[in-house]
Amino acid sequence: MLRGVDLDARPGELLVVLGANGSGKSTLLRCALRLIEPDAGRIGLAGRDITEAGAAELREARRRAAMVFQQIQLVRRRSALENVGFGALGRIEGWRSLSTRLFPDDVVEASWRALERVGLAEKAWQRADTLSGGQAQRVAIARALCQQAEVILADEPVSSLDPRAADDVLSLLADIAHADGLAVVCVLHQPELAKRYGDRIVGIASGELVFERTPATVRDDEIAHLYLGELDGD
Amino acid sequence: MATEAARLRRPARPRPGSARRALWLLAAAGAVAIYVHAWNDVDASFTSLFTSAGNLGDLVRRSVPPSTSVLHGSITASVVTLDTALLGTTAALVLSLLITPLAARNLSPHRLVYEAARLVIAFTRTIPSFIFALYLVTVVGLGPYSAALALAVHSVGTLGKLFAETIEDMDMGPVDALRAAGAGRLQVFLHAVLPGVAPSFVSLSLYRYDVNVRDSLATGFVGGGGIGFLLFNSIQLFQYRQAAMELTVLLVLLLAVERVSTVLRARIV
């Protein structure tokens, strides 16, 4: 259950959300896009209330916030480049899906640029299920870039990656926030990574916001409280 | 090595209670009663198996050697049977692809739509293709066309059910990802669902073709043409040597179809 969680993701900033399993972090991100329907309460996204938005309005709202998932959710039997292009489906006319040319020229160009941005242009024609975990997650980030959203919501994007791949993915997300001016919200489990890459850290416990600080001011006991449920220092 | 004290602490295996044992006995007695009833209902008899052995020997004698005079006709009719199954299966595949997104719980747009789609699937699946053929020969006339239509209608049910279950079991990750990107229903189905389930769909369709070749024998018996129609006529007219040749051609045909289908499915999945 989430109660009164109001996140303000600012452009050019990587906001990290920390919290234990079951604290509501992933639910928060999925609720933000209404991938999970809330039982009660309101959902605001990019300044718009989408709690009762119809299909068309919801599609439009979803286009403005791209999601990077914990389990790498690429279409396995499609190439990396096609997967990146799928990020633009929200602005591609439906009839194109029935034609032999799904992606217009501008989307193809945007897909290439996004793939180059994550350093995987040489893997463009490789099938998604042949990529390593780190590469696949970078393709998922490229798909989010191709979506041309204002916000990227990353739900534990490094939980299944080795430390080096995790560093690659998080430095890429931080760079996208700082260089491209996007607002990036990233759910993490690792406090040390949160402090290294986050510009701001919020802690969630039992569905409630318990702190919101810069990495330099987050105390270890506050983090311990998120995972152990007790404050040692206070 | 476990000590004696540790052994004594091990919990004893739970024994079923007397009520539970009585329930099992009751269930076993019920099962036996059902089988006895079934045996009596069909007038089954081991004795008649042995006393009828002479009839079987007579039938075999009247069936050999298979008549070569119907070889060409049998091959031609077998090709008709293959074509009937091909058209029936292909039409069913197209129709199933249309109904499947509505009949899969995780994709269907509304509960009522889901129930309606499932009703269509249940209806077409429950009624055997030769029953549909019996009706369709009165609508479109005798011949393989009515058989192909009957196979198509029945196969919509079987393929639709299997396709919908495949989609319900699929990894929903790519679907969520495309929905989150703002993709519409058609886009999600074509670009996230179909690529994931296509190998299974192709495999199931090949298997269905295999089954439909056999089913088209039964539709042939009721006027749907093909090798089934020839076989039915030969048996009705006691032309057992002709029937033997038709059965031989049929056997070769079925084994070939099954082999090709198995090889293709193994390569695709």
# chains A, B, ... in the order shown; residues from 1 in each chain; ligands from 1
>>> interface_residues(of="chain A", to="chain B", cutoff="10 Å", atoms="only C-alpha atoms", output="mmCIF file with C-alpha atoms, in the first residue's frame")
data_model
loop_
_atom_site.group_PDB
_atom_site.id
_atom_site.type_symbol
_atom_site.label_atom_id
_atom_site.label_comp_id
_atom_site.auth_asym_id
_atom_site.auth_seq_id
_atom_site.Cartn_x
_atom_site.Cartn_y
_atom_site.Cartn_z
ATOM 1 C CA ARG A 30 4.015 0.846 -11.913
ATOM 2 C CA LEU A 33 2.031 4.600 -15.363
ATOM 3 C CA ARG A 34 -1.132 2.771 -14.265
ATOM 4 C CA LEU A 35 0.410 -0.576 -15.128
ATOM 5 C CA ALA A 55 -7.328 4.594 -23.216
ATOM 6 C CA ALA A 56 -6.231 7.388 -25.578
ATOM 7 C CA GLU A 57 -5.387 9.834 -22.780
ATOM 8 C CA LEU A 58 -3.510 7.111 -20.899
ATOM 9 C CA ARG A 59 -1.459 6.242 -23.999
ATOM 10 C CA GLU A 60 -0.577 9.910 -24.389
ATOM 11 C CA ALA A 61 0.440 10.185 -20.722
ATOM 12 C CA ARG A 62 2.501 6.981 -20.890
ATOM 13 C CA ARG A 63 4.425 8.358 -23.858
ATOM 14 C CA ARG A 64 5.747 11.109 -21.593
ATOM 15 C CA ALA A 65 7.322 8.690 -19.096
ATOM 16 C CA ALA A 66 9.518 5.806 -20.233
ATOM 17 C CA MET A 67 9.973 2.696 -18.110
ATOM 18 C CA VAL A 68 13.071 0.537 -17.706
ATOM 19 C CA PHE A 69 12.158 -2.706 -15.965
ATOM 20 C CA GLN A 70 13.898 -4.922 -13.430
ATOM 21 C CA GLN A 71 13.573 -8.019 -15.614
ATOM 22 C CA ILE A 72 14.894 -6.992 -19.003
ATOM 23 C CA GLN A 73 11.739 -6.903 -21.064
ATOM 24 C CA LEU A 74 12.868 -6.915 -24.658
ATOM 25 C CA VAL A 75 11.035 -8.745 -27.421
ATOM 26 C CA ARG A 76 13.386 -11.713 -27.610
ATOM 27 C CA ARG A 77 13.035 -12.649 -31.266
ATOM 28 C CA ARG A 78 13.502 -9.109 -32.592
ATOM 29 C CA GLU A 82 13.740 -2.964 -33.614
ATOM 30 C CA ASN A 83 13.433 -3.168 -29.839
ATOM 31 C CA PHE A 86 9.362 -0.086 -30.205
ATOM 32 C CA GLY A 87 9.838 2.783 -27.742
ATOM 33 C CA ALA A 88 8.309 5.033 -30.399
ATOM 34 C CA LEU A 89 5.170 2.915 -30.939
ATOM 35 C CA GLY A 90 3.119 5.416 -28.949
ATOM 36 C CA ARG A 91 3.629 8.025 -31.677
ATOM 37 C CA ILE A 92 3.426 5.673 -34.678
ATOM 38 C CA GLU A 93 0.067 5.269 -36.421
ATOM 39 C CA GLY A 94 -1.559 1.888 -35.736
ATOM 40 C CA TRP A 95 -2.009 1.018 -39.435
ATOM 41 C CA ARG A 96 1.740 0.935 -39.897
ATOM 42 C CA SER A 97 1.809 -2.275 -37.858
ATOM 43 C CA LEU A 98 0.013 -3.962 -40.751
ATOM 44 C CA ALA A 140 16.082 -1.074 -22.862
ATOM 45 C CA ARG A 143 14.266 2.191 -26.116
ATOM 46 C CA ALA A 144 13.365 4.657 -23.361
ATOM 47 C CA CYS A 146 13.704 6.595 -28.444
ATOM 48 C CA GLN A 147 10.391 7.150 -26.709
ATOM 49 C CA GLN A 148 11.456 10.820 -26.314
ATOM 50 C CA ALA A 149 9.878 10.925 -22.864
#
>>> select_by_dssp(residues="region 88-195 of chain B", states="helix (DSSP H, G or I)", output="number ranges by chain")
B: 88-103, 111-126, 129-140, 144-169, 173-180, 185-195
>>> select_by_dssp(residues="region 11-233 of chain A", states="strand (DSSP E)", output="JSON, numbers by chain")
{"A": [14, 15, 16, 17, 18, 44, 45, 48, 49, 65, 66, 67, 68, 151, 152, 153, 154, 155, 183, 184, 185, 186, 187, 188, 200, 201, 202, 203, 204, 205, 208, 209, 210, 211, 212, 213]}
>>> write_last_selection(atoms="C-alpha atoms", output="PDB file, in the first residue's frame")
ATOM      1  CA  LEU A  14      18.838  11.256 -11.056  1.00  0.00           C
ATOM      2  CA  LEU A  15      16.457  10.590  -8.193  1.00  0.00           C
ATOM      3  CA  VAL A  16      17.069   7.291  -6.409  1.00  0.00           C
ATOM      4  CA  VAL A  17      14.322   5.503  -4.486  1.00  0.00           C
ATOM      5  CA  LEU A  18      15.590   3.141  -1.771  1.00  0.00           C
ATOM      6  CA  GLY A  44      -0.566  12.457 -11.144  1.00  0.00           C
ATOM      7  CA  LEU A  45       1.977  12.154 -13.936  1.00  0.00           C
ATOM      8  CA  ARG A  48      -1.755  15.638 -15.207  1.00  0.00           C
ATOM      9  CA  ASP A  49      -4.207  13.534 -13.209  1.00  0.00           C
ATOM     10  CA  ALA A  65       7.322   8.690 -19.096  1.00  0.00           C
ATOM     11  CA  ALA A  66       9.518   5.806 -20.233  1.00  0.00           C
ATOM     12  CA  MET A  67       9.973   2.696 -18.110  1.00  0.00           C
ATOM     13  CA  VAL A  68      13.071   0.537 -17.706  1.00  0.00           C
ATOM     14  CA  VAL A 151      10.911  11.167 -17.437  1.00  0.00           C
ATOM     15  CA  ILE A 152      12.630   7.775 -17.271  1.00  0.00           C
ATOM     16  CA  LEU A 153      11.381   5.444 -14.539  1.00  0.00           C
ATOM     17  CA  ALA A 154      13.886   2.651 -13.879  1.00  0.00           C
ATOM     18  CA  ASP A 155      12.664  -0.174 -11.643  1.00  0.00           C
ATOM     19  CA  ALA A 183      14.340  13.462 -15.107  1.00  0.00           C
ATOM     20  CA  VAL A 184      15.402   9.942 -14.126  1.00  0.00           C
ATOM     21  CA  VAL A 185      13.781   8.084 -11.231  1.00  0.00           C
ATOM     22  CA  CYS A 186      15.672   4.923 -10.341  1.00  0.00           C
ATOM     23  CA  VAL A 187      14.613   2.324  -7.784  1.00  0.00           C
ATOM     24  CA  LEU A 188      17.659   0.637  -6.226  1.00  0.00           C
ATOM     25  CA  ARG A 200      18.818  12.949  -4.486  1.00  0.00           C
ATOM     26  CA  ILE A 201      17.716   9.906  -2.494  1.00  0.00           C
ATOM     27  CA  VAL A 202      14.277   9.146  -1.134  1.00  0.00           C
ATOM     28  CA  GLY A 203      13.605   6.299   1.275  1.00  0.00           C
ATOM     29  CA  ILE A 204      10.328   4.374   1.297  1.00  0.00           C
ATOM     30  CA  ALA A 205       9.189   2.048   4.061  1.00  0.00           C
ATOM     31  CA  GLU A 208       5.414   5.817   3.015  1.00  0.00           C
ATOM     32  CA  LEU A 209       8.108   8.349   2.237  1.00  0.00           C
ATOM     33  CA  VAL A 210      10.459   8.380   5.247  1.00  0.00           C
ATOM     34  CA  PHE A 211      13.249  10.665   4.051  1.00  0.00           C
ATOM     35  CA  GLU A 212      14.328  12.742   1.090  1.00  0.00           C
ATOM     36  CA  ARG A 213      17.959  13.967   1.077  1.00  0.00           C
TER      37      ARG A 213
END
>>> atom_distance(atom1="CA of Ala218 (chain B)", atom2="CA of Thr68 (chain B)")
23.8 Å
>>> residues_around(residues="Asp215 (chain B)", least_positions_apart="2", cutoff="12 Å", atoms="only C-alpha atoms", output="NGL selection string")
:B and (81-82 or 84-86 or 88-89 or 128-133 or 147-148 or 150-152 or 154-155 or 208-213 or 217-222 or 224 or 226-228 or 254)
>>> write_last_selection(atoms="N, CA and C atoms", output="CSV table (one decimal), in the first residue's frame")
chain,number,residue,atom,x,y,z
B,81,THR,N,-7.6,-35.3,-49.8
B,81,THR,CA,-7.7,-35.3,-48.4
B,81,THR,C,-6.7,-34.4,-47.8
B,82,LEU,N,-5.5,-34.4,-48.3
B,82,LEU,CA,-4.4,-33.5,-47.8
B,82,LEU,C,-4.8,-32.0,-48.1
B,84,THR,N,-7.8,-30.8,-48.5
B,84,THR,CA,-9.0,-30.5,-47.6
B,84,THR,C,-8.5,-30.1,-46.2
B,85,ALA,N,-7.5,-30.9,-45.7
B,85,ALA,CA,-7.0,-30.6,-44.3
B,85,ALA,C,-6.2,-29.3,-44.4
B,86,LEU,N,-5.5,-29.1,-45.5
B,86,LEU,CA,-4.7,-27.8,-45.6
B,86,LEU,C,-5.5,-26.6,-45.6
B,88,GLY,N,-8.7,-26.3,-44.5
B,88,GLY,CA,-9.4,-26.2,-43.3
B,88,GLY,C,-8.5,-25.7,-42.2
B,89,THR,N,-7.3,-26.2,-42.1
B,89,THR,CA,-6.4,-25.8,-41.0
B,89,THR,C,-6.0,-24.3,-41.2
B,128,PRO,N,-17.8,-32.4,-32.9
B,128,PRO,CA,-16.8,-32.9,-33.8
B,128,PRO,C,-17.0,-32.5,-35.2
B,129,SER,N,-15.9,-32.5,-36.0
B,129,SER,CA,-15.9,-31.9,-37.3
B,129,SER,C,-16.9,-32.7,-38.2
B,130,PHE,N,-17.0,-34.0,-38.0
B,130,PHE,CA,-17.9,-34.8,-38.9
B,130,PHE,C,-19.4,-34.4,-38.7
B,131,ILE,N,-19.7,-33.9,-37.5
B,131,ILE,CA,-21.1,-33.4,-37.3
B,131,ILE,C,-21.3,-32.1,-38.0
B,132,PHE,N,-20.3,-31.2,-37.9
B,132,PHE,CA,-20.3,-30.0,-38.7
B,132,PHE,C,-20.5,-30.3,-40.2
B,133,ALA,N,-19.7,-31.4,-40.7
B,133,ALA,CA,-19.7,-31.8,-42.1
B,133,ALA,C,-21.1,-32.2,-42.5
B,147,ALA,N,-16.2,-30.4,-46.3
B,147,ALA,CA,-15.3,-31.0,-45.3
B,147,ALA,C,-14.3,-30.0,-44.9
B,148,ALA,N,-13.8,-29.2,-45.8
B,148,ALA,CA,-12.8,-28.2,-45.4
B,148,ALA,C,-13.4,-27.2,-44.5
B,150,ALA,N,-16.0,-27.7,-42.5
B,150,ALA,CA,-16.2,-28.4,-41.2
B,150,ALA,C,-15.0,-28.4,-40.4
B,151,LEU,N,-13.9,-28.8,-41.0
B,151,LEU,CA,-12.6,-28.9,-40.3
B,151,LEU,C,-12.2,-27.5,-39.8
B,152,ALA,N,-12.4,-26.5,-40.6
B,152,ALA,CA,-12.1,-25.1,-40.2
B,152,ALA,C,-12.9,-24.7,-39.0
B,154,HIS,N,-14.4,-26.5,-36.7
B,154,HIS,CA,-14.0,-27.3,-35.4
B,154,HIS,C,-12.6,-26.9,-35.0
B,155,SER,N,-11.7,-26.6,-35.9
B,155,SER,CA,-10.3,-26.3,-35.5
B,155,SER,C,-10.2,-24.9,-34.9
B,208,ARG,N,-2.1,-29.5,-35.7
B,208,ARG,CA,-3.6,-29.5,-36.0
B,208,ARG,C,-3.8,-30.0,-37.4
B,209,TYR,N,-2.8,-29.7,-38.3
B,209,TYR,CA,-2.9,-30.2,-39.7
B,209,TYR,C,-2.9,-31.7,-39.7
B,210,ASP,N,-1.9,-32.2,-38.9
B,210,ASP,CA,-1.7,-33.6,-38.8
B,210,ASP,C,-3.1,-34.3,-38.3
B,211,VAL,N,-3.7,-33.7,-37.3
B,211,VAL,CA,-5.0,-34.2,-36.8
B,211,VAL,C,-6.1,-34.1,-37.8
B,212,ASN,N,-6.1,-32.9,-38.5
B,212,ASN,CA,-7.1,-32.7,-39.5
B,212,ASN,C,-7.1,-33.7,-40.7
B,213,VAL,N,-5.9,-34.1,-41.0
B,213,VAL,CA,-5.8,-35.1,-42.1
B,213,VAL,C,-6.5,-36.4,-41.7
B,217,LEU,N,-10.9,-38.0,-42.8
B,217,LEU,CA,-11.5,-39.3,-43.1
B,217,LEU,C,-12.9,-39.4,-42.7
B,218,ALA,N,-13.1,-39.0,-41.4
B,218,ALA,CA,-14.5,-39.1,-40.9
B,218,ALA,C,-15.4,-38.1,-41.7
B,219,THR,N,-14.9,-36.9,-42.1
B,219,THR,CA,-15.8,-36.1,-42.9
B,219,THR,C,-16.0,-36.7,-44.2
B,220,GLY,N,-15.1,-37.5,-44.7
B,220,GLY,CA,-15.3,-38.2,-46.0
B,220,GLY,C,-16.4,-39.2,-45.9
B,221,PHE,N,-16.5,-39.9,-44.8
B,221,PHE,CA,-17.5,-40.9,-44.5
B,221,PHE,C,-18.9,-40.3,-44.7
B,222,VAL,N,-19.0,-39.0,-44.3
B,222,VAL,CA,-20.4,-38.4,-44.3
B,222,VAL,C,-20.6,-37.5,-45.6
B,224,GLY,N,-17.9,-35.9,-47.4
B,224,GLY,CA,-16.9,-34.9,-47.6
B,224,GLY,C,-15.8,-35.2,-48.6
B,226,GLY,N,-12.7,-37.2,-50.7
B,226,GLY,CA,-11.3,-37.7,-50.3
B,226,GLY,C,-11.2,-39.2,-50.1
B,227,ILE,N,-10.2,-39.6,-49.6
B,227,ILE,CA,-9.9,-41.1,-49.4
B,227,ILE,C,-10.9,-41.7,-48.4
B,228,GLY,N,-11.4,-40.9,-47.5
B,228,GLY,CA,-12.4,-41.4,-46.5
B,228,GLY,C,-13.6,-41.8,-47.2
B,254,LEU,N,-0.5,-41.0,-43.9
B,254,LEU,CA,-0.5,-40.5,-42.5
B,254,LEU,C,0.8,-40.5,-41.9
>>> residues_around(residues="Val139 (chain A)", least_positions_apart="3", cutoff="7 Å", atoms="only C-alpha atoms", output="ChimeraX atom specification")
/A:80,84,115,135-136,142-143
>>> atom_distance(atom1="CA of Ile127 (chain B)", atom2="CA of Thr158 (chain B)")
10.6 Å
>>> atom_distance(atom1="CA of Ala114 (chain A)", atom2="CA of Asp180 (chain A)")
11.7 Å
>>> residues_around(residues="Ala244 (chain B)", least_positions_apart="3", cutoff="7 Å", atoms="only C-alpha atoms", output="list in words")
Ser63, Pro66, Tyr240, Arg241, Leu247 and Thr248 of chain B
>>> closest_residue(among="B:Ala116, B:Ala243, B:Ile268, B:Leu136", to="Phe229 (chain B)", atoms="only C-alpha atoms")
B:Ala243
>>> residues_around(residues="region 202-207 of chain B", least_positions_apart="5", cutoff="7 Å", atoms="only C-alpha atoms", output="JSON, numbers by chain")
{"B": [93, 261, 265]}
>>> residues_around(residues="Leu81 (chain A)", least_positions_apart="2", cutoff="7 Å", atoms="only C-alpha atoms", output="NGL selection string")
:A and (79 or 83-85 or 111 or 124-125)
>>> write_last_selection(atoms="N, CA and C atoms", output="PDB file, in the first residue's frame")
ATOM      1  N   SER A  79      15.393  -7.775 -33.363  1.00  0.00           N
ATOM      2  CA  SER A  79      16.747  -7.230 -33.253  1.00  0.00           C
ATOM      3  C   SER A  79      16.792  -6.116 -32.203  1.00  0.00           C
ATOM      4  N   ASN A  83      13.860  -3.356 -31.222  1.00  0.00           N
ATOM      5  CA  ASN A  83      13.433  -3.168 -29.839  1.00  0.00           C
ATOM      6  C   ASN A  83      13.526  -1.702 -29.425  1.00  0.00           C
ATOM      7  N   VAL A  84      14.581  -1.031 -29.888  1.00  0.00           N
ATOM      8  CA  VAL A  84      14.710   0.394 -29.575  1.00  0.00           C
ATOM      9  C   VAL A  84      13.565   1.164 -30.234  1.00  0.00           C
ATOM     10  N   GLY A  85      13.280   0.824 -31.478  1.00  0.00           N
ATOM     11  CA  GLY A  85      12.196   1.492 -32.209  1.00  0.00           C
ATOM     12  C   GLY A  85      10.842   1.304 -31.546  1.00  0.00           C
ATOM     13  N   SER A 111      16.199   5.708 -33.491  1.00  0.00           N
ATOM     14  CA  SER A 111      16.607   4.418 -32.921  1.00  0.00           C
ATOM     15  C   SER A 111      18.121   4.247 -33.024  1.00  0.00           C
ATOM     16  N   ALA A 124      23.272  -3.667 -33.450  1.00  0.00           N
ATOM     17  CA  ALA A 124      21.938  -3.261 -33.933  1.00  0.00           C
ATOM     18  C   ALA A 124      21.125  -4.420 -34.501  1.00  0.00           C
ATOM     19  N   TRP A 125      21.769  -5.300 -35.271  1.00  0.00           N
ATOM     20  CA  TRP A 125      21.013  -6.346 -35.967  1.00  0.00           C
ATOM     21  C   TRP A 125      21.038  -7.667 -35.221  1.00  0.00           C
TER      22      TRP A 125
END
>>> decode(residues="region 197-211 of chain A", atoms="N, CA and C atoms", output="PDB file, in the first residue's frame")
ATOM      1  N   TYR A 197      25.667   7.398  -7.396  1.00  0.00           N
ATOM      2  CA  TYR A 197      25.095   7.919  -8.646  1.00  0.00           C
ATOM      3  C   TYR A 197      23.910   8.872  -8.447  1.00  0.00           C
ATOM      4  N   GLY A 198      23.254   8.812  -7.323  1.00  0.00           N
ATOM      5  CA  GLY A 198      22.044   9.621  -7.153  1.00  0.00           C
ATOM      6  C   GLY A 198      22.364  11.078  -6.877  1.00  0.00           C
ATOM      7  N   ASP A 199      21.494  11.964  -7.380  1.00  0.00           N
ATOM      8  CA  ASP A 199      21.591  13.379  -7.030  1.00  0.00           C
ATOM      9  C   ASP A 199      20.733  13.648  -5.800  1.00  0.00           C
ATOM     10  N   ARG A 200      19.718  12.839  -5.628  1.00  0.00           N
ATOM     11  CA  ARG A 200      18.818  12.949  -4.486  1.00  0.00           C
ATOM     12  C   ARG A 200      18.353  11.535  -4.168  1.00  0.00           C
ATOM     13  N   ILE A 201      18.151  11.254  -2.886  1.00  0.00           N
ATOM     14  CA  ILE A 201      17.716   9.906  -2.494  1.00  0.00           C
ATOM     15  C   ILE A 201      16.456  10.032  -1.652  1.00  0.00           C
ATOM     16  N   VAL A 202      15.454   9.215  -2.010  1.00  0.00           N
ATOM     17  CA  VAL A 202      14.277   9.146  -1.134  1.00  0.00           C
ATOM     18  C   VAL A 202      14.177   7.719  -0.596  1.00  0.00           C
ATOM     19  N   GLY A 203      13.770   7.614   0.656  1.00  0.00           N
ATOM     20  CA  GLY A 203      13.605   6.299   1.275  1.00  0.00           C
ATOM     21  C   GLY A 203      12.131   6.010   1.470  1.00  0.00           C
ATOM     22  N   ILE A 204      11.729   4.779   1.119  1.00  0.00           N
ATOM     23  CA  ILE A 204      10.328   4.374   1.297  1.00  0.00           C
ATOM     24  C   ILE A 204      10.278   3.157   2.214  1.00  0.00           C
ATOM     25  N   ALA A 205       9.409   3.205   3.195  1.00  0.00           N
ATOM     26  CA  ALA A 205       9.189   2.048   4.061  1.00  0.00           C
ATOM     27  C   ALA A 205       7.692   1.912   4.285  1.00  0.00           C
ATOM     28  N   SER A 206       7.197   0.702   4.153  1.00  0.00           N
ATOM     29  CA  SER A 206       5.767   0.404   4.336  1.00  0.00           C
ATOM     30  C   SER A 206       4.877   1.358   3.529  1.00  0.00           C
ATOM     31  N   GLY A 207       5.306   1.666   2.316  1.00  0.00           N
ATOM     32  CA  GLY A 207       4.483   2.485   1.436  1.00  0.00           C
ATOM     33  C   GLY A 207       4.490   3.969   1.746  1.00  0.00           C
ATOM     34  N   GLU A 208       5.370   4.388   2.674  1.00  0.00           N
ATOM     35  CA  GLU A 208       5.414   5.817   3.015  1.00  0.00           C
ATOM     36  C   GLU A 208       6.802   6.372   2.791  1.00  0.00           C
ATOM     37  N   LEU A 209       6.833   7.653   2.421  1.00  0.00           N
ATOM     38  CA  LEU A 209       8.108   8.349   2.237  1.00  0.00           C
ATOM     39  C   LEU A 209       8.697   8.641   3.610  1.00  0.00           C
ATOM     40  N   VAL A 210       9.918   8.145   3.905  1.00  0.00           N
ATOM     41  CA  VAL A 210      10.459   8.380   5.247  1.00  0.00           C
ATOM     42  C   VAL A 210      11.607   9.387   5.249  1.00  0.00           C
ATOM     43  N   PHE A 211      12.285   9.550   4.126  1.00  0.00           N
ATOM     44  CA  PHE A 211      13.249  10.665   4.051  1.00  0.00           C
ATOM     45  C   PHE A 211      13.473  11.053   2.604  1.00  0.00           C
TER      46      PHE A 211
END
